[in-house]
>>> print(open('my_file.txt').read())   # compact mmCIF, N, CA and C atoms
# COMPACT_ATOMS: atom_id res chain seq x y z
N MET A 1 3.22 2.55 -11.22
CA MET A 1 4.08 1.53 -10.68
C MET A 1 5.43 2.15 -10.35
N PHE A 2 5.98 1.75 -9.23
CA PHE A 2 7.26 2.29 -8.78
C PHE A 2 8.32 1.20 -8.78
N THR A 3 9.55 1.61 -9.05
CA THR A 3 10.67 0.70 -8.84
C THR A 3 10.99 0.71 -7.36
N ALA A 4 11.79 -0.23 -6.92
CA ALA A 4 12.19 -0.28 -5.51
C ALA A 4 12.92 1.00 -5.12
N GLU A 5 13.75 1.51 -6.01
CA GLU A 5 14.49 2.75 -5.73
C GLU A 5 13.54 3.93 -5.58
N GLN A 6 12.53 4.01 -6.46
CA GLN A 6 11.57 5.11 -6.39
C GLN A 6 10.76 5.03 -5.10
N LEU A 7 10.38 3.83 -4.72
CA LEU A 7 9.62 3.65 -3.49
C LEU A 7 10.46 4.03 -2.27
N ASN A 8 11.72 3.64 -2.26
CA ASN A 8 12.61 4.04 -1.16
C ASN A 8 12.74 5.55 -1.09
N ALA A 9 12.89 6.19 -2.24
CA ALA A 9 12.99 7.65 -2.27
C ALA A 9 11.71 8.30 -1.76
N ALA A 10 10.57 7.72 -2.11
CA ALA A 10 9.29 8.26 -1.65
C ALA A 10 9.16 8.12 -0.13
N VAL A 11 9.56 6.98 0.41
CA VAL A 11 9.51 6.78 1.86
C VAL A 11 10.39 7.82 2.56
N HIS A 12 11.58 8.03 2.05
CA HIS A 12 12.47 9.02 2.66
C HIS A 12 11.90 10.43 2.54
N ALA A 13 11.26 10.73 1.41
CA ALA A 13 10.65 12.05 1.24
C ALA A 13 9.50 12.24 2.21
N LEU A 14 8.71 11.19 2.45
CA LEU A 14 7.60 11.29 3.40
C LEU A 14 8.08 11.55 4.81
N GLU A 15 9.28 11.10 5.11
CA GLU A 15 9.83 11.28 6.45
C GLU A 15 10.61 12.59 6.58
N SER A 16 10.69 13.35 5.50
CA SER A 16 11.47 14.58 5.51
C SER A 16 10.57 15.80 5.31
N SER A 17 11.21 16.93 5.13
CA SER A 17 10.47 18.16 4.89
C SER A 17 9.90 18.22 3.46
N ASN A 18 10.20 17.22 2.65
CA ASN A 18 9.70 17.17 1.26
C ASN A 18 8.38 16.42 1.14
N ALA A 19 7.77 16.07 2.26
CA ALA A 19 6.54 15.26 2.22
C ALA A 19 5.43 15.94 1.44
N GLU A 20 5.21 17.22 1.68
CA GLU A 20 4.12 17.90 0.98
C GLU A 20 4.36 17.93 -0.52
N GLU A 21 5.58 18.19 -0.93
CA GLU A 21 5.89 18.22 -2.37
C GLU A 21 5.63 16.85 -3.00
N LEU A 22 6.05 15.79 -2.33
CA LEU A 22 5.82 14.44 -2.85
C LEU A 22 4.33 14.16 -2.96
N ILE A 23 3.58 14.47 -1.90
CA ILE A 23 2.14 14.22 -1.91
C ILE A 23 1.47 14.97 -3.05
N ARG A 24 1.82 16.24 -3.21
CA ARG A 24 1.23 17.03 -4.31
C ARG A 24 1.55 16.42 -5.67
N ASN A 25 2.80 16.02 -5.86
CA ASN A 25 3.19 15.44 -7.15
C ASN A 25 2.49 14.12 -7.43
N LEU A 26 2.33 13.30 -6.41
CA LEU A 26 1.62 12.04 -6.60
C LEU A 26 0.14 12.27 -6.89
N LEU A 27 -0.47 13.17 -6.13
CA LEU A 27 -1.90 13.41 -6.29
C LEU A 27 -2.23 14.08 -7.63
N ILE A 28 -1.38 14.98 -8.08
CA ILE A 28 -1.68 15.70 -9.32
C ILE A 28 -1.79 14.73 -10.50
N SER A 29 -1.09 13.61 -10.40
CA SER A 29 -1.16 12.62 -11.49
C SER A 29 -2.43 11.78 -11.41
N MET A 30 -3.19 11.91 -10.32
CA MET A 30 -4.38 11.08 -10.13
C MET A 30 -5.69 11.83 -10.32
N VAL A 31 -5.64 13.13 -10.46
CA VAL A 31 -6.88 13.90 -10.56
C VAL A 31 -7.16 14.28 -12.01
N THR A 32 -8.41 14.60 -12.26
CA THR A 32 -8.80 15.01 -13.60
C THR A 32 -8.53 16.50 -13.78
N PRO A 33 -8.32 16.94 -15.02
CA PRO A 33 -8.09 18.36 -15.26
C PRO A 33 -9.27 19.24 -14.84
N GLY A 34 -10.47 18.68 -14.79
CA GLY A 34 -11.64 19.45 -14.41
C GLY A 34 -11.81 19.67 -12.93
N MET A 35 -10.97 19.05 -12.11
CA MET A 35 -11.10 19.21 -10.66
C MET A 35 -10.72 20.63 -10.27
N SER A 36 -11.52 21.20 -9.40
CA SER A 36 -11.23 22.57 -8.96
C SER A 36 -10.01 22.59 -8.05
N LYS A 37 -9.37 23.76 -8.02
CA LYS A 37 -8.20 23.93 -7.15
C LYS A 37 -8.60 23.71 -5.69
N GLU A 38 -9.80 24.15 -5.32
CA GLU A 38 -10.26 23.99 -3.94
C GLU A 38 -10.39 22.51 -3.58
N GLN A 39 -10.94 21.71 -4.49
CA GLN A 39 -11.06 20.27 -4.23
C GLN A 39 -9.68 19.63 -4.09
N PHE A 40 -8.78 20.00 -4.99
CA PHE A 40 -7.43 19.43 -4.94
C PHE A 40 -6.75 19.80 -3.62
N GLU A 41 -6.85 21.05 -3.21
CA GLU A 41 -6.23 21.48 -1.96
C GLU A 41 -6.82 20.73 -0.76
N TRP A 42 -8.12 20.45 -0.82
CA TRP A 42 -8.75 19.69 0.26
C TRP A 42 -8.16 18.29 0.34
N ILE A 43 -7.97 17.65 -0.80
CA ILE A 43 -7.38 16.31 -0.84
C ILE A 43 -5.95 16.34 -0.29
N VAL A 44 -5.19 17.35 -0.70
CA VAL A 44 -3.82 17.49 -0.19
C VAL A 44 -3.85 17.65 1.33
N GLU A 45 -4.71 18.53 1.83
CA GLU A 45 -4.81 18.75 3.27
C GLU A 45 -5.15 17.46 4.01
N CYS A 46 -6.08 16.69 3.48
CA CYS A 46 -6.44 15.41 4.11
C CYS A 46 -5.24 14.48 4.18
N ASN A 47 -4.47 14.42 3.10
CA ASN A 47 -3.29 13.56 3.09
C ASN A 47 -2.23 14.06 4.05
N LEU A 48 -2.10 15.36 4.18
CA LEU A 48 -1.09 15.91 5.08
C LEU A 48 -1.45 15.71 6.55
N ARG A 49 -2.70 15.43 6.84
CA ARG A 49 -3.11 15.17 8.23
C ARG A 49 -2.59 13.83 8.73
N LEU A 50 -2.32 12.93 7.82
CA LEU A 50 -1.77 11.63 8.22
C LEU A 50 -0.34 11.82 8.70
N PRO A 51 0.01 11.23 9.80
CA PRO A 51 1.40 11.34 10.25
C PRO A 51 2.35 10.78 9.19
N SER A 52 3.38 11.54 8.88
CA SER A 52 4.30 11.12 7.80
C SER A 52 4.97 9.79 8.12
N ASN A 53 5.26 9.53 9.39
CA ASN A 53 5.90 8.25 9.71
C ASN A 53 4.94 7.09 9.46
N LEU A 54 3.64 7.33 9.63
CA LEU A 54 2.65 6.29 9.34
C LEU A 54 2.59 6.03 7.83
N MET A 55 2.57 7.11 7.04
CA MET A 55 2.54 6.95 5.59
C MET A 55 3.80 6.22 5.12
N ALA A 56 4.92 6.57 5.69
CA ALA A 56 6.17 5.93 5.31
C ALA A 56 6.17 4.46 5.68
N SER A 57 5.67 4.13 6.87
CA SER A 57 5.67 2.72 7.28
C SER A 57 4.71 1.90 6.42
N VAL A 58 3.58 2.48 6.01
CA VAL A 58 2.66 1.78 5.11
C VAL A 58 3.34 1.56 3.76
N SER A 59 4.06 2.56 3.27
CA SER A 59 4.78 2.42 2.00
C SER A 59 5.83 1.34 2.09
N GLU A 60 6.54 1.29 3.21
CA GLU A 60 7.55 0.24 3.39
C GLU A 60 6.91 -1.13 3.43
N LEU A 61 5.76 -1.24 4.09
CA LEU A 61 5.04 -2.51 4.15
C LEU A 61 4.63 -2.94 2.74
N ASP A 62 4.11 -2.00 1.96
CA ASP A 62 3.74 -2.31 0.58
C ASP A 62 4.94 -2.81 -0.21
N GLN A 63 6.07 -2.19 0.02
CA GLN A 63 7.29 -2.60 -0.68
C GLN A 63 7.67 -4.02 -0.29
N ARG A 64 7.61 -4.35 1.00
CA ARG A 64 7.95 -5.71 1.44
C ARG A 64 6.99 -6.73 0.85
N GLN A 65 5.71 -6.40 0.81
CA GLN A 65 4.72 -7.31 0.24
C GLN A 65 4.98 -7.51 -1.25
N THR A 66 5.32 -6.44 -1.94
CA THR A 66 5.61 -6.54 -3.36
C THR A 66 6.82 -7.43 -3.61
N ARG A 67 7.85 -7.28 -2.78
CA ARG A 67 9.03 -8.12 -2.94
C ARG A 67 8.69 -9.60 -2.74
N LEU A 68 7.82 -9.88 -1.75
CA LEU A 68 7.41 -11.26 -1.53
C LEU A 68 6.67 -11.83 -2.73
N LEU A 69 5.85 -11.01 -3.35
CA LEU A 69 5.10 -11.47 -4.52
C LEU A 69 6.01 -11.70 -5.72
N LEU A 70 7.08 -10.91 -5.82
CA LEU A 70 7.97 -11.03 -6.96
C LEU A 70 8.97 -12.16 -6.80
N ASP A 71 9.25 -12.52 -5.56
CA ASP A 71 10.25 -13.60 -5.33
C ASP A 71 9.68 -14.97 -5.63
>>> encode(input="my_file.txt", output="structure tokens")
Amino acid sequence: MFTAEQLNAAVHALESSNAEELIRNLLISMVTPGMSKEQFEWIVECNLRLPSNLMASVSELDQRQTRLLLD
């Protein structure tokens, strides 16, 4: 779960040169220790193929939807 500030920071990172670092950090928390490095790198590569502005806009949409649910 992210705070609004963390989500904003993630959106900005996705739109910057820090996108790969953010993606790696997010994904590493979701995989099992038994996953091979090759599998992990494949997942990272797949995520990096998505245009960063698209990922950022989806994240912003999620944030707006979350705010509506909380209000």
>>> residues_around(input="my_file.txt", residues="Ala19 in chain A", least_positions_apart="6", cutoff="8 Å", atoms="all atoms listed in the file", output="ChimeraX atom specification")
/A:10,12-13,25,48,52
>>> atom_distance(input="my_file.txt", atom1="CA of Glu38 in chain A", atom2="CA of Glu15 in chain A")
25.9 Å
>>> atom_distance(input="my_file.txt", atom1="atom N of Leu14 in chain A", atom2="atom N of Asn47 in chain A")
13.6 Å
>>> atom_distance(input="my_file.txt", atom1="CA of Val44 in chain A", atom2="CA of Glu20 in chain A")
8.0 Å
>>> decode(input="my_file.txt", residues="range 11-26 of chain A", atoms="N, CA, C and O atoms", output="tab-separated table (two decimals), in the first residue's frame")
chain	number	residue	atom	x	y	z
A	11	VAL	N	5.14	7.99	-9.63
A	11	VAL	CA	4.73	8.50	-10.94
A	11	VAL	C	5.86	9.36	-11.52
A	11	VAL	O	6.22	9.21	-12.70
A	12	HIS	N	6.43	10.22	-10.71
A	12	HIS	CA	7.51	11.08	-11.20
A	12	HIS	C	8.74	10.24	-11.57
A	12	HIS	O	9.41	10.53	-12.56
A	13	ALA	N	9.02	9.20	-10.80
A	13	ALA	CA	10.15	8.33	-11.11
A	13	ALA	C	9.92	7.59	-12.42
A	13	ALA	O	10.85	7.41	-13.22
A	14	LEU	N	8.69	7.15	-12.67
A	14	LEU	CA	8.38	6.46	-13.92
A	14	LEU	C	8.57	7.36	-15.13
A	14	LEU	O	8.86	6.90	-16.22
A	15	GLU	N	8.39	8.65	-14.93
A	15	GLU	CA	8.52	9.61	-16.03
A	15	GLU	C	9.95	10.12	-16.17
A	15	GLU	O	10.23	10.91	-17.06
A	16	SER	N	10.85	9.66	-15.31
A	16	SER	CA	12.23	10.15	-15.33
A	16	SER	C	13.20	9.02	-15.69
A	16	SER	O	12.79	7.91	-16.03
A	17	SER	N	14.46	9.33	-15.56
A	17	SER	CA	15.49	8.33	-15.83
A	17	SER	C	15.59	7.29	-14.71
A	17	SER	O	16.35	6.33	-14.82
A	18	ASN	N	14.82	7.46	-13.65
A	18	ASN	CA	14.83	6.51	-12.52
A	18	ASN	C	13.79	5.40	-12.67
A	18	ASN	O	13.58	4.63	-11.74
A	19	ALA	N	13.16	5.31	-13.83
A	19	ALA	CA	12.08	4.33	-14.02
A	19	ALA	C	12.56	2.90	-13.79
A	19	ALA	O	11.90	2.12	-13.09
A	20	GLU	N	13.70	2.55	-14.36
A	20	GLU	CA	14.18	1.17	-14.21
A	20	GLU	C	14.46	0.84	-12.75
A	20	GLU	O	14.11	-0.24	-12.27
A	21	GLU	N	15.07	1.76	-12.03
A	21	GLU	CA	15.36	1.52	-10.62
A	21	GLU	C	14.07	1.31	-9.83
A	21	GLU	O	13.98	0.40	-9.00
A	22	LEU	N	13.07	2.13	-10.09
A	22	LEU	CA	11.79	1.99	-9.40
A	22	LEU	C	11.16	0.64	-9.71
A	22	LEU	O	10.70	-0.06	-8.81
A	23	ILE	N	11.13	0.28	-10.99
A	23	ILE	CA	10.53	-0.99	-11.39
A	23	ILE	C	11.23	-2.15	-10.72
A	23	ILE	O	10.60	-3.06	-10.18
A	24	ARG	N	12.56	-2.13	-10.72
A	24	ARG	CA	13.32	-3.21	-10.07
A	24	ARG	C	12.99	-3.29	-8.58
A	24	ARG	O	12.79	-4.38	-8.05
A	25	ASN	N	12.95	-2.16	-7.92
A	25	ASN	CA	12.66	-2.15	-6.48
A	25	ASN	C	11.26	-2.65	-6.17
A	25	ASN	O	11.05	-3.35	-5.18
A	26	LEU	N	10.30	-2.27	-6.99
A	26	LEU	CA	8.93	-2.75	-6.78
A	26	LEU	C	8.83	-4.25	-7.03
A	26	LEU	O	8.20	-4.98	-6.26
